[in-house]
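Q: My questions will all concern the structure given below.
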Amino acid sequence: MSNLIYLSKSDLKVAQSCPTKLYYKKQGYPTVNTYDNYAKMLVDGGFIVHQMARLLYPDGKAIAADPDLVSNPQNVIEECIKLTKQELKKENVILFEPVIYVGNKLARIDILIKQGDRIETIEVRSKAFDSKENAELISSRGINIFRNKRDGRVSSAWKSCIADVSYQTYVLQEMLEKEMGLNIEVHPYLLLPDKVKTTEIEGLAFDFQIREVKSRNSFSKFNNVEVDFSGDLKQLQDNHILTLVSIKDEVLEVMPSVIETAEIFVESLVKGGQKIEVPINKNCKNCEFRGDNLDARDGFRECWGKLADVEPHILDLYHMGRIGGHESPVVNELIQQGKVSMYDIPTECFDDLTYSFRQLVQLEHTSKNSEWISEVLPKILSKFEYPLHFIDFETSRMTVPYDVGMRPFEQVAFQWSCHTISQPGEPPIHSDWLASNNEFPNFSFARALMEQLGDLGTIFTWAPHENNVLKDIYAQMEIYDCSDRELKTWLRNTARVDRNSKSRLVDMNAMTLQHYFHPLMKGRTSLKTVLPAIWTTNSYLHKLPWLAGYLKEVDGKILNPYEVLPEIEILGKSVLINEGTGAMLAYQEILHGQDRDHPEVIAKWHELLRQYCCLDTMAMVIVWMHWCYLVSRGE
């Protein structure tokens, strides 16, 4: 089986989003994805959920190649395939991550249970499941949670997951029949964290610790990782938060389309890995196969050729896919004609009232290379009462409950940052709060925020997220019988926690959409886009002493402040946090990382979190100041 050619589940998923991408993936083209599989599984709780699932099957055996017998990844896969076949010859067996290969198709199954002539496969996901809602749907409508209420078909929310399991089932059934002569029906299941279940285990989240280890060359989700469980195994098995759900009917529904597409992709691989050409279209905007400074290969550019260099590009227009409707967007027609400038879009096409105003503002002021503020922005700014508070929260939906009585996917607020301007013209003063122990942080988080913000002034955010977090904390106070009446009253008077309450929070992102544009923002309004657009083109900001730490110039270019944040060395690695996913990753390292019991390491993670979150709120201050500056100049 030398030079093994195969289509894996991840290959299929990429190819289904765009067949051309299969070629780029197999050829190892660089991507713009920031985080590797380790980071993704750590952030979404995948490692812990998978380990919890394995602990429920103590007789299970992990399929892993002996590192002493193999020397490269190709040999590892072949050894795992061989071991899987040997184990499947047994009458009864439970396998963790068996590797199935047949007809150039490869699948790795989380848990496989063989009992005589019955095989069950279990796909473990850290995706929220609601068993109560599922039961109610079955009772009232005769459909489960995986299906649309409208037509009863598999829903878009679950279709990708169901398709993954369909591919595994298809490959396994074919291998059993063609290579082992076994006519065994496969029964597929999902094992999911259940939002309805509460844990009875004190400190459950902290019974799991994740350690990075030297590569075991095992072709596993757990490669380079060990997950230790220090709790009571029997208690966990009796009180876990996972639910096993059959998806046999759903798998059978989507399997025909999965088989059809899989065989097309397999054929392209067998024929030398030839590229499947797909007409370029609006979906290319999100292509991950873009080159970097270290690798000249650029999948996007290979597809688009010279059309990739047109400025201003049609793909950069705000909600460009909405023009002409979803079924037959005008943008795709123009792209096929080689018309990929924003200015190539006919004016009469801007007829969607929800998006056309912003689109036309972008077109006009991109052509003029000028900033824009609405006529009413000066009046709006003048109405906000001081002190002005600019706040940002770092949060995580914890897959594993913190403590007794809690459920999976509770909102956990572990950090806030605030810059306060007490009076016009005064510099902003920074304050922050960061969880420092293993206690559920939300109520301490909210009380510290209450003490900082009080009842006066205006509170700015850059999304509805902060209001939603405070709403969740308000609800948690009810659920967990938190007796802090002062805090509860403050939350109700500050955030929109129900239909009868009003919010003091002002969303600056919504204000940007309605009242501000800068050509460098293109079609985006995220804070990570607005800040550098303003900062790099307005030298008056660079002269303010309290912003001096963010000013850095390289080869005559002013850097984005998020690029200026310093890295910190943690255990021999340079680490930087400059966006939200990195903050969640840091928090997971603090809770579950191998050095969580080392204060000096935790202090460095805290420092990284503080400098990042501080910049988020300072960025909002900079945007506010610049709006005031433009208003003062009468622009």
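All residue names refer to the structure tokens as shown: chains lettered A, B, ... in order, residues numbered from 1 in each chain, ligands numbered from 1 in order.
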Name all residues at most 9 Å from Ala475 of chain A (count only C-alpha atoms; drop same-chain ones fewer than 5 positions away) and give them as a short mmCIF file (atom, residue, chain, number, x, y, z; two decimals) with all heavy atoms, in the first residue's frame.

A:
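Done, and the output landed in around.cif:
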```cif
data_model
loop_
_atom_site.label_atom_id
_atom_site.label_comp_id
_atom_site.auth_asym_id
_atom_site.auth_seq_id
_atom_site.Cartn_x
_atom_site.Cartn_y
_atom_site.Cartn_z
N LEU A 470 -24.33 40.15 29.71
CA LEU A 470 -24.96 40.65 30.94
C LEU A 470 -26.36 40.06 31.10
O LEU A 470 -26.81 39.77 32.23
CB LEU A 470 -25.01 42.17 30.93
CG LEU A 470 -23.65 42.88 30.95
CD1 LEU A 470 -23.83 44.39 30.92
CD2 LEU A 470 -22.82 42.46 32.16
N TYR A 480 -29.12 30.15 39.74
CA TYR A 480 -28.22 29.69 40.81
C TYR A 480 -28.44 30.44 42.12
O TYR A 480 -27.60 30.39 43.03
CB TYR A 480 -26.77 29.79 40.34
CG TYR A 480 -26.54 28.97 39.09
CD1 TYR A 480 -26.11 29.56 37.91
CD2 TYR A 480 -26.79 27.60 39.08
CE1 TYR A 480 -25.93 28.81 36.76
CE2 TYR A 480 -26.61 26.85 37.94
CZ TYR A 480 -26.19 27.46 36.78
OH TYR A 480 -26.01 26.71 35.63
N VAL A 497 -32.15 42.96 29.61
CA VAL A 497 -32.17 41.58 30.06
C VAL A 497 -33.49 40.89 29.75
O VAL A 497 -33.60 39.67 29.82
CB VAL A 497 -31.86 41.49 31.57
CG1 VAL A 497 -30.46 42.01 31.86
CG2 VAL A 497 -32.91 42.24 32.39
#
```

Q: Write out as a short mmCIF file (atom, residue, chain, number, x, y, z; two decimals) with all heavy atoms, in the first residue's frame all residues of segment 70-234 of chain A that DSSP puts in helix (DSSP H, G or I) for this structure's backbone.

A:
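Written out: out_33.cif:
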```
data_model
loop_
_atom_site.label_atom_id
_atom_site.label_comp_id
_atom_site.auth_asym_id
_atom_site.auth_seq_id
_atom_site.Cartn_x
_atom_site.Cartn_y
_atom_site.Cartn_z
N PRO A 73 4.61 9.47 8.26
CA PRO A 73 3.15 9.47 8.36
C PRO A 73 2.47 8.44 7.47
O PRO A 73 1.45 7.87 7.85
CB PRO A 73 2.78 10.90 7.93
CG PRO A 73 3.98 11.71 8.26
CD PRO A 73 5.15 10.81 8.00
N GLN A 74 3.04 8.19 6.28
CA GLN A 74 2.46 7.20 5.38
C GLN A 74 2.43 5.83 6.03
O GLN A 74 1.42 5.12 6.01
CB GLN A 74 3.28 7.15 4.08
CG GLN A 74 2.74 6.20 3.03
CD GLN A 74 1.71 6.86 2.14
OE1 GLN A 74 1.35 8.01 2.36
NE2 GLN A 74 1.21 6.14 1.17
N ASN A 75 3.53 5.46 6.67
CA ASN A 75 3.59 4.16 7.34
C ASN A 75 2.65 4.10 8.53
O ASN A 75 2.10 3.03 8.84
CB ASN A 75 5.02 3.87 7.80
CG ASN A 75 5.95 3.61 6.63
OD1 ASN A 75 5.51 3.29 5.54
ND2 ASN A 75 7.25 3.77 6.87
N VAL A 76 2.48 5.23 9.20
CA VAL A 76 1.57 5.28 10.35
C VAL A 76 0.16 4.93 9.92
O VAL A 76 -0.51 4.10 10.55
CB VAL A 76 1.60 6.68 11.00
CG1 VAL A 76 0.50 6.79 12.05
CG2 VAL A 76 2.95 6.94 11.64
N ILE A 77 -0.30 5.55 8.85
CA ILE A 77 -1.67 5.30 8.37
C ILE A 77 -1.82 3.83 7.98
O ILE A 77 -2.80 3.18 8.34
CB ILE A 77 -1.99 6.21 7.17
CG1 ILE A 77 -1.95 7.67 7.61
CG2 ILE A 77 -3.37 5.87 6.61
CD1 ILE A 77 -2.12 8.66 6.47
N GLU A 78 -0.85 3.31 7.25
CA GLU A 78 -0.94 1.91 6.81
C GLU A 78 -0.95 0.95 7.99
O GLU A 78 -1.68 -0.04 8.00
CB GLU A 78 0.23 1.60 5.88
CG GLU A 78 0.17 2.37 4.57
CD GLU A 78 1.32 2.01 3.63
OE1 GLU A 78 2.08 1.09 3.96
OE2 GLU A 78 1.44 2.67 2.58
N GLU A 79 -0.16 1.27 9.01
CA GLU A 79 -0.13 0.41 10.20
C GLU A 79 -1.46 0.46 10.94
O GLU A 79 -1.97 -0.56 11.41
CB GLU A 79 1.01 0.87 11.13
CG GLU A 79 1.14 0.06 12.41
CD GLU A 79 1.69 -1.34 12.18
OE1 GLU A 79 2.12 -1.64 11.05
OE2 GLU A 79 1.70 -2.14 13.14
N CYS A 80 -2.08 1.66 11.01
CA CYS A 80 -3.37 1.80 11.69
C CYS A 80 -4.47 1.06 10.92
O CYS A 80 -5.37 0.47 11.53
CB CYS A 80 -3.73 3.27 11.84
SG CYS A 80 -2.72 4.16 13.06
N ILE A 81 -4.42 1.09 9.61
CA ILE A 81 -5.39 0.35 8.80
C ILE A 81 -5.26 -1.15 9.06
O ILE A 81 -6.27 -1.85 9.25
CB ILE A 81 -5.17 0.66 7.29
CG1 ILE A 81 -5.51 2.12 7.00
CG2 ILE A 81 -6.02 -0.27 6.42
CD1 ILE A 81 -5.09 2.58 5.61
N LYS A 82 -4.05 -1.63 9.10
CA LYS A 82 -3.78 -3.05 9.35
C LYS A 82 -4.28 -3.46 10.73
O LYS A 82 -4.95 -4.50 10.89
CB LYS A 82 -2.29 -3.31 9.22
CG LYS A 82 -1.87 -4.75 9.49
CD LYS A 82 -0.36 -4.89 9.37
CE LYS A 82 0.08 -6.31 9.74
NZ LYS A 82 1.57 -6.44 9.66
N LEU A 83 -3.99 -2.66 11.73
CA LEU A 83 -4.42 -2.97 13.10
C LEU A 83 -5.94 -2.98 13.20
O LEU A 83 -6.53 -3.81 13.90
CB LEU A 83 -3.83 -1.95 14.08
CG LEU A 83 -2.31 -2.00 14.30
CD1 LEU A 83 -1.87 -0.82 15.14
CD2 LEU A 83 -1.93 -3.30 15.00
N THR A 84 -6.59 -2.04 12.51
CA THR A 84 -8.06 -1.98 12.55
C THR A 84 -8.67 -3.25 11.99
O THR A 84 -9.60 -3.82 12.58
CB THR A 84 -8.55 -0.76 11.75
OG1 THR A 84 -8.05 0.44 12.37
CG2 THR A 84 -10.07 -0.71 11.72
N LYS A 85 -8.18 -3.72 10.86
CA LYS A 85 -8.71 -4.94 10.26
C LYS A 85 -8.53 -6.15 11.16
O LYS A 85 -9.42 -7.00 11.29
CB LYS A 85 -8.04 -5.19 8.90
CG LYS A 85 -8.48 -4.23 7.81
CD LYS A 85 -7.82 -4.59 6.49
CE LYS A 85 -8.29 -3.67 5.37
NZ LYS A 85 -7.63 -3.99 4.08
N GLN A 86 -7.40 -6.19 11.82
CA GLN A 86 -7.14 -7.31 12.74
C GLN A 86 -8.15 -7.30 13.88
O GLN A 86 -8.68 -8.36 14.27
CB GLN A 86 -5.71 -7.23 13.29
CG GLN A 86 -4.63 -7.52 12.26
CD GLN A 86 -3.23 -7.30 12.81
OE1 GLN A 86 -3.05 -6.79 13.93
NE2 GLN A 86 -2.22 -7.67 12.04
N GLU A 87 -8.41 -6.12 14.42
CA GLU A 87 -9.33 -6.02 15.55
C GLU A 87 -10.77 -6.33 15.13
O GLU A 87 -11.54 -6.92 15.89
CB GLU A 87 -9.26 -4.61 16.16
CG GLU A 87 -7.95 -4.29 16.86
CD GLU A 87 -7.71 -5.16 18.09
OE1 GLU A 87 -8.70 -5.55 18.76
OE2 GLU A 87 -6.54 -5.46 18.37
N LEU A 88 -11.15 -5.95 13.92
CA LEU A 88 -12.52 -6.17 13.46
C LEU A 88 -12.82 -7.65 13.18
O LEU A 88 -13.98 -8.02 13.01
CB LEU A 88 -12.80 -5.34 12.19
CG LEU A 88 -12.98 -3.83 12.43
CD1 LEU A 88 -13.13 -3.10 11.11
CD2 LEU A 88 -14.17 -3.56 13.33
N SER A 131 -31.69 17.62 24.57
CA SER A 131 -32.52 16.41 24.57
C SER A 131 -33.99 16.72 24.86
O SER A 131 -34.88 16.03 24.37
CB SER A 131 -31.99 15.41 25.61
OG SER A 131 -31.98 15.99 26.91
N LYS A 132 -34.25 17.78 25.62
CA LYS A 132 -35.63 18.16 25.92
C LYS A 132 -36.33 18.65 24.66
O LYS A 132 -37.44 18.22 24.33
CB LYS A 132 -35.67 19.24 27.00
CG LYS A 132 -37.07 19.68 27.37
CD LYS A 132 -37.04 20.76 28.46
CE LYS A 132 -38.46 21.21 28.81
NZ LYS A 132 -38.43 22.28 29.85
N GLU A 133 -35.66 19.55 23.93
CA GLU A 133 -36.23 20.05 22.68
C GLU A 133 -36.40 18.91 21.69
O GLU A 133 -37.41 18.86 20.96
CB GLU A 133 -35.32 21.13 22.09
CG GLU A 133 -35.85 21.72 20.79
CD GLU A 133 -34.90 22.72 20.17
OE1 GLU A 133 -33.89 23.07 20.82
OE2 GLU A 133 -35.15 23.15 19.02
N ASN A 134 -35.44 18.02 21.65
CA ASN A 134 -35.51 16.88 20.72
C ASN A 134 -36.74 16.02 21.03
O ASN A 134 -37.50 15.64 20.13
CB ASN A 134 -34.24 16.04 20.84
CG ASN A 134 -34.16 14.96 19.78
OD1 ASN A 134 -34.23 15.24 18.59
ND2 ASN A 134 -34.01 13.72 20.21
N ALA A 135 -36.97 15.72 22.30
CA ALA A 135 -38.11 14.89 22.69
C ALA A 135 -39.43 15.59 22.38
O ALA A 135 -40.39 14.95 21.92
CB ALA A 135 -38.03 14.56 24.18
N GLU A 136 -39.48 16.90 22.60
CA GLU A 136 -40.71 17.64 22.33
C GLU A 136 -41.02 17.67 20.83
O GLU A 136 -42.19 17.57 20.42
CB GLU A 136 -40.58 19.06 22.87
CG GLU A 136 -40.59 19.13 24.39
CD GLU A 136 -40.31 20.53 24.93
OE1 GLU A 136 -39.91 21.40 24.12
OE2 GLU A 136 -40.48 20.75 26.15
N LEU A 137 -40.00 17.80 20.01
CA LEU A 137 -40.20 17.81 18.56
C LEU A 137 -40.71 16.45 18.07
O LEU A 137 -41.62 16.37 17.23
CB LEU A 137 -38.90 18.15 17.84
CG LEU A 137 -38.52 19.63 17.80
CD1 LEU A 137 -37.09 19.81 17.27
CD2 LEU A 137 -39.49 20.40 16.92
N ILE A 138 -40.12 15.40 18.60
CA ILE A 138 -40.56 14.06 18.21
C ILE A 138 -42.02 13.84 18.62
O ILE A 138 -42.82 13.28 17.86
CB ILE A 138 -39.65 12.99 18.84
CG1 ILE A 138 -38.25 13.08 18.23
CG2 ILE A 138 -40.22 11.59 18.63
CD1 ILE A 138 -37.23 12.19 18.92
N SER A 139 -42.36 14.31 19.81
CA SER A 139 -43.72 14.12 20.31
C SER A 139 -44.74 14.95 19.54
O SER A 139 -45.83 14.48 19.23
CB SER A 139 -43.77 14.48 21.80
OG SER A 139 -45.08 14.41 22.29
N SER A 140 -44.39 16.19 19.23
CA SER A 140 -45.37 17.10 18.63
C SER A 140 -45.39 17.07 17.10
O SER A 140 -46.44 17.25 16.49
CB SER A 140 -45.10 18.53 19.10
OG SER A 140 -43.81 18.96 18.67
N ARG A 141 -44.23 16.84 16.49
CA ARG A 141 -44.14 16.93 15.04
C ARG A 141 -43.69 15.64 14.36
O ARG A 141 -43.74 15.54 13.13
CB ARG A 141 -43.18 18.06 14.63
CG ARG A 141 -43.65 19.46 14.99
CD ARG A 141 -42.58 20.47 14.66
NE ARG A 141 -43.03 21.83 14.91
CZ ARG A 141 -43.49 22.65 13.96
NH1 ARG A 141 -43.60 22.22 12.72
NH2 ARG A 141 -43.86 23.88 14.26
N SER A 156 -29.79 22.49 7.86
CA SER A 156 -28.47 23.01 7.52
C SER A 156 -27.56 23.06 8.74
O SER A 156 -26.34 22.94 8.62
CB SER A 156 -28.60 24.40 6.90
OG SER A 156 -29.26 25.29 7.79
N ALA A 157 -28.15 23.25 9.93
CA ALA A 157 -27.35 23.33 11.15
C ALA A 157 -26.62 22.02 11.45
O ALA A 157 -25.57 22.02 12.10
CB ALA A 157 -28.24 23.72 12.33
N TRP A 158 -27.17 20.90 11.00
CA TRP A 158 -26.59 19.59 11.29
C TRP A 158 -26.09 18.86 10.05
O TRP A 158 -25.48 17.79 10.17
CB TRP A 158 -27.62 18.71 12.00
CG TRP A 158 -27.91 19.15 13.40
CD1 TRP A 158 -28.91 19.98 13.82
CD2 TRP A 158 -27.17 18.82 14.58
NE1 TRP A 158 -28.84 20.17 15.17
CE2 TRP A 158 -27.79 19.47 15.67
CE3 TRP A 158 -26.04 18.02 14.81
CZ2 TRP A 158 -27.32 19.34 16.98
CZ3 TRP A 158 -25.57 17.90 16.12
CH2 TRP A 158 -26.20 18.55 17.17
N LYS A 159 -26.33 19.41 8.87
CA LYS A 159 -26.06 18.65 7.65
C LYS A 159 -24.58 18.31 7.49
O LYS A 159 -24.23 17.20 7.06
CB LYS A 159 -26.55 19.42 6.42
CG LYS A 159 -26.60 18.56 5.16
CD LYS A 159 -27.44 19.21 4.08
CE LYS A 159 -27.63 18.24 2.92
NZ LYS A 159 -28.50 18.80 1.87
N SER A 160 -23.70 19.24 7.81
CA SER A 160 -22.27 18.96 7.69
C SER A 160 -21.85 17.81 8.59
O SER A 160 -21.10 16.92 8.18
CB SER A 160 -21.46 20.22 8.02
OG SER A 160 -20.08 19.95 8.00
N CYS A 161 -22.34 17.83 9.81
CA CYS A 161 -22.03 16.76 10.77
C CYS A 161 -22.59 15.42 10.29
O CYS A 161 -21.90 14.39 10.32
CB CYS A 161 -22.59 17.12 12.14
SG CYS A 161 -22.34 15.88 13.42
N ILE A 162 -23.84 15.42 9.83
CA ILE A 162 -24.47 14.20 9.34
C ILE A 162 -23.73 13.68 8.11
O ILE A 162 -23.53 12.47 7.95
CB ILE A 162 -25.95 14.44 8.99
CG1 ILE A 162 -26.73 14.95 10.22
CG2 ILE A 162 -26.59 13.19 8.42
CD1 ILE A 162 -26.86 13.97 11.34
N ALA A 163 -23.29 14.59 7.24
CA ALA A 163 -22.55 14.19 6.04
C ALA A 163 -21.23 13.51 6.41
O ALA A 163 -20.81 12.54 5.77
CB ALA A 163 -22.30 15.39 5.15
N ASP A 164 -20.56 14.03 7.44
CA ASP A 164 -19.32 13.40 7.91
C ASP A 164 -19.56 11.96 8.32
O ASP A 164 -18.81 11.05 7.95
CB ASP A 164 -18.75 14.17 9.10
CG ASP A 164 -18.11 15.48 8.69
OD1 ASP A 164 -17.93 15.71 7.48
OD2 ASP A 164 -17.78 16.28 9.59
N VAL A 165 -20.62 11.75 9.09
CA VAL A 165 -20.92 10.40 9.56
C VAL A 165 -21.37 9.51 8.39
O VAL A 165 -21.07 8.32 8.35
CB VAL A 165 -22.01 10.44 10.66
CG1 VAL A 165 -22.33 9.03 11.15
CG2 VAL A 165 -21.54 11.30 11.84
N SER A 166 -22.07 10.09 7.43
CA SER A 166 -22.50 9.33 6.25
C SER A 166 -21.28 8.81 5.49
O SER A 166 -21.26 7.65 5.03
CB SER A 166 -23.35 10.20 5.33
OG SER A 166 -24.55 10.57 5.95
N TYR A 167 -20.28 9.65 5.36
CA TYR A 167 -19.06 9.23 4.66
C TYR A 167 -18.37 8.09 5.42
O TYR A 167 -17.96 7.09 4.83
CB TYR A 167 -18.11 10.41 4.50
CG TYR A 167 -16.86 10.06 3.73
CD1 TYR A 167 -16.92 9.73 2.38
CD2 TYR A 167 -15.62 10.05 4.36
CE1 TYR A 167 -15.76 9.40 1.67
CE2 TYR A 167 -14.47 9.73 3.66
CZ TYR A 167 -14.54 9.41 2.32
OH TYR A 167 -13.40 9.08 1.62
N GLN A 168 -18.26 8.23 6.72
CA GLN A 168 -17.65 7.17 7.54
C GLN A 168 -18.43 5.86 7.38
O GLN A 168 -17.84 4.79 7.23
CB GLN A 168 -17.64 7.59 9.01
CG GLN A 168 -16.74 8.76 9.32
CD GLN A 168 -16.91 9.22 10.76
OE1 GLN A 168 -17.86 8.85 11.44
NE2 GLN A 168 -15.98 10.05 11.22
N THR A 169 -19.75 5.97 7.45
CA THR A 169 -20.60 4.78 7.35
C THR A 169 -20.43 4.11 5.98
O THR A 169 -20.32 2.87 5.88
CB THR A 169 -22.07 5.16 7.56
OG1 THR A 169 -22.19 5.84 8.82
CG2 THR A 169 -22.98 3.94 7.56
N TYR A 170 -20.43 4.92 4.94
CA TYR A 170 -20.26 4.42 3.58
C TYR A 170 -18.93 3.68 3.42
O TYR A 170 -18.87 2.56 2.90
CB TYR A 170 -20.35 5.61 2.63
CG TYR A 170 -19.83 5.41 1.24
CD1 TYR A 170 -20.19 4.31 0.45
CD2 TYR A 170 -18.98 6.36 0.66
CE1 TYR A 170 -19.72 4.16 -0.84
CE2 TYR A 170 -18.50 6.23 -0.62
CZ TYR A 170 -18.87 5.12 -1.37
OH TYR A 170 -18.40 4.98 -2.65
N VAL A 171 -17.85 4.28 3.89
CA VAL A 171 -16.52 3.67 3.77
C VAL A 171 -16.44 2.38 4.59
O VAL A 171 -15.91 1.37 4.13
CB VAL A 171 -15.42 4.67 4.20
CG1 VAL A 171 -14.05 4.00 4.16
CG2 VAL A 171 -15.43 5.90 3.30
N LEU A 172 -16.98 2.42 5.80
CA LEU A 172 -16.93 1.24 6.67
C LEU A 172 -17.72 0.08 6.06
O LEU A 172 -17.25 -1.07 6.02
CB LEU A 172 -17.47 1.59 8.05
CG LEU A 172 -17.57 0.44 9.06
CD1 LEU A 172 -16.22 -0.23 9.29
CD2 LEU A 172 -18.16 0.93 10.37
N GLN A 173 -18.93 0.36 5.59
CA GLN A 173 -19.74 -0.71 5.01
C GLN A 173 -19.07 -1.32 3.77
O GLN A 173 -19.08 -2.54 3.58
CB GLN A 173 -21.13 -0.15 4.63
CG GLN A 173 -22.03 0.09 5.83
CD GLN A 173 -23.38 0.66 5.46
OE1 GLN A 173 -23.52 1.38 4.47
NE2 GLN A 173 -24.40 0.33 6.24
N GLU A 174 -18.46 -0.47 2.97
CA GLU A 174 -17.79 -0.98 1.76
C GLU A 174 -16.58 -1.83 2.13
O GLU A 174 -16.33 -2.88 1.53
CB GLU A 174 -17.36 0.19 0.88
CG GLU A 174 -16.75 -0.25 -0.44
CD GLU A 174 -16.47 0.91 -1.38
OE1 GLU A 174 -17.20 1.91 -1.33
OE2 GLU A 174 -15.50 0.81 -2.16
N MET A 175 -15.83 -1.40 3.13
CA MET A 175 -14.66 -2.17 3.56
C MET A 175 -15.06 -3.51 4.15
O MET A 175 -14.47 -4.55 3.85
CB MET A 175 -13.85 -1.36 4.56
CG MET A 175 -12.48 -1.97 4.89
SD MET A 175 -12.52 -3.19 6.22
CE MET A 175 -12.79 -2.13 7.62
N LEU A 176 -16.10 -3.51 5.00
CA LEU A 176 -16.57 -4.76 5.60
C LEU A 176 -17.00 -5.75 4.53
O LEU A 176 -16.70 -6.95 4.60
CB LEU A 176 -17.73 -4.47 6.56
CG LEU A 176 -17.39 -3.72 7.84
CD1 LEU A 176 -18.68 -3.31 8.56
CD2 LEU A 176 -16.54 -4.58 8.77
N GLU A 177 -17.70 -5.26 3.53
CA GLU A 177 -18.24 -6.14 2.50
C GLU A 177 -17.17 -6.60 1.52
O GLU A 177 -17.02 -7.81 1.25
CB GLU A 177 -19.36 -5.42 1.75
CG GLU A 177 -20.01 -6.26 0.66
CD GLU A 177 -21.13 -5.53 -0.05
OE1 GLU A 177 -21.62 -4.52 0.48
OE2 GLU A 177 -21.50 -5.97 -1.16
N LYS A 178 -16.38 -5.67 0.98
CA LYS A 178 -15.46 -6.00 -0.10
C LYS A 178 -14.16 -6.63 0.38
O LYS A 178 -13.57 -7.46 -0.33
CB LYS A 178 -15.14 -4.74 -0.91
CG LYS A 178 -16.32 -4.23 -1.72
CD LYS A 178 -15.91 -3.06 -2.60
CE LYS A 178 -17.05 -2.61 -3.49
NZ LYS A 178 -16.67 -1.47 -4.37
N GLU A 179 -13.68 -6.24 1.55
CA GLU A 179 -12.37 -6.72 1.98
C GLU A 179 -12.43 -7.75 3.10
O GLU A 179 -11.46 -8.45 3.34
CB GLU A 179 -11.50 -5.53 2.38
CG GLU A 179 -11.25 -4.57 1.24
CD GLU A 179 -10.02 -3.72 1.46
OE1 GLU A 179 -9.39 -3.84 2.53
OE2 GLU A 179 -9.69 -2.93 0.56
N MET A 180 -13.57 -7.79 3.82
CA MET A 180 -13.67 -8.75 4.92
C MET A 180 -14.80 -9.74 4.72
O MET A 180 -14.96 -10.66 5.52
CB MET A 180 -13.83 -8.00 6.25
CG MET A 180 -12.68 -7.06 6.57
SD MET A 180 -12.79 -6.33 8.22
CE MET A 180 -12.51 -7.77 9.26
N LEU A 204 -16.03 19.63 38.07
CA LEU A 204 -15.84 18.68 36.96
C LEU A 204 -14.86 19.21 35.92
O LEU A 204 -13.99 18.47 35.44
CB LEU A 204 -17.19 18.39 36.29
CG LEU A 204 -17.15 17.52 35.03
CD1 LEU A 204 -16.56 16.15 35.34
CD2 LEU A 204 -18.55 17.38 34.42
N ALA A 205 -14.98 20.48 35.56
CA ALA A 205 -14.11 21.04 34.51
C ALA A 205 -12.64 20.91 34.85
O ALA A 205 -11.79 20.74 33.97
CB ALA A 205 -14.47 22.51 34.28
N PHE A 206 -12.33 20.93 36.13
CA PHE A 206 -10.92 20.94 36.54
C PHE A 206 -10.39 19.53 36.81
O PHE A 206 -9.23 19.36 37.21
CB PHE A 206 -10.75 21.84 37.77
CG PHE A 206 -11.30 23.21 37.52
CD1 PHE A 206 -12.55 23.57 37.98
CD2 PHE A 206 -10.59 24.13 36.78
CE1 PHE A 206 -13.09 24.82 37.73
CE2 PHE A 206 -11.11 25.38 36.51
CZ PHE A 206 -12.36 25.73 36.99
N ASP A 207 -11.23 18.52 36.59
CA ASP A 207 -10.75 17.14 36.67
C ASP A 207 -10.00 16.73 35.41
O ASP A 207 -9.39 15.66 35.37
CB ASP A 207 -11.94 16.17 36.87
CG ASP A 207 -12.50 16.23 38.28
OD1 ASP A 207 -11.77 16.68 39.18
OD2 ASP A 207 -13.67 15.84 38.48
N LEU A 233 -13.79 7.99 38.40
CA LEU A 233 -14.27 7.43 37.13
C LEU A 233 -15.71 6.94 37.24
O LEU A 233 -16.53 7.20 36.37
CB LEU A 233 -13.35 6.30 36.66
CG LEU A 233 -13.75 5.63 35.35
CD1 LEU A 233 -13.84 6.63 34.21
CD2 LEU A 233 -12.77 4.50 35.01
N LYS A 234 -16.02 6.23 38.30
CA LYS A 234 -17.38 5.70 38.48
C LYS A 234 -18.39 6.85 38.57
O LYS A 234 -19.48 6.79 37.98
CB LYS A 234 -17.43 4.85 39.74
CG LYS A 234 -18.80 4.21 40.03
CD LYS A 234 -19.20 3.22 38.95
CE LYS A 234 -20.37 2.34 39.38
NZ LYS A 234 -21.57 3.11 39.74
#
```

Q: Mind pulling up the distance from atom CA of Ala435 of chain A to atom CA of His606 of chain A?

A: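 So the two atoms, atom CA of His606 of chain A and atom CA of Ala435 of chain A, lie 9.1 Å apart.
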
Q: Neighbouring residues of Ala583 of chain A were defined as those with any atom within 9 Å, considering only C-alpha atoms; residues of the same chain fewer than 6 positions away were excluded. Please report them as a PyMOL selection string.

A: chain A and resi 394-395+577+608-609+612-613

Q: Atom CA of Leu565 of chain A to atom CA of Trp535 of chain A: how many Å, to one decimal?

A: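 If I compute the distance from atom CA of Leu565 of chain A to atom CA of Trp535 of chain A, I get 14.7 Å.
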
Q: Which residue, A:Leu630, A:Leu513, A:Cys303, A:Cys287, has the smallest gap to Val14 of chain A when you use only C-alpha atoms?

A: A:Cys287

Q: Could you please write out, as a ChimeraX atom specification, every residue of segment 391-596 of chain A that DSSP assigns to strand (DSSP E or B)?

A: /A:391-398,410-421,429-434,458-461,505-507,516-517,553-554,557-558,568-570,573-575

Q: Compile the contact shell of Arg301 of chain A as a list in words: residues with an atom at most 12 Å away, counting only C-alpha atoms, same-chain residues fewer than 5 positions apart removed.

A: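 Within the cut-off, the hits are Tyr24, Tyr29, Ile280, Cys284, Lys285, Cys287, Glu288, Phe289, Arg290, Gly291, Asp292, Ala296, Lys306, Leu307, Ala308, Asp309 and Val310 of chain A.
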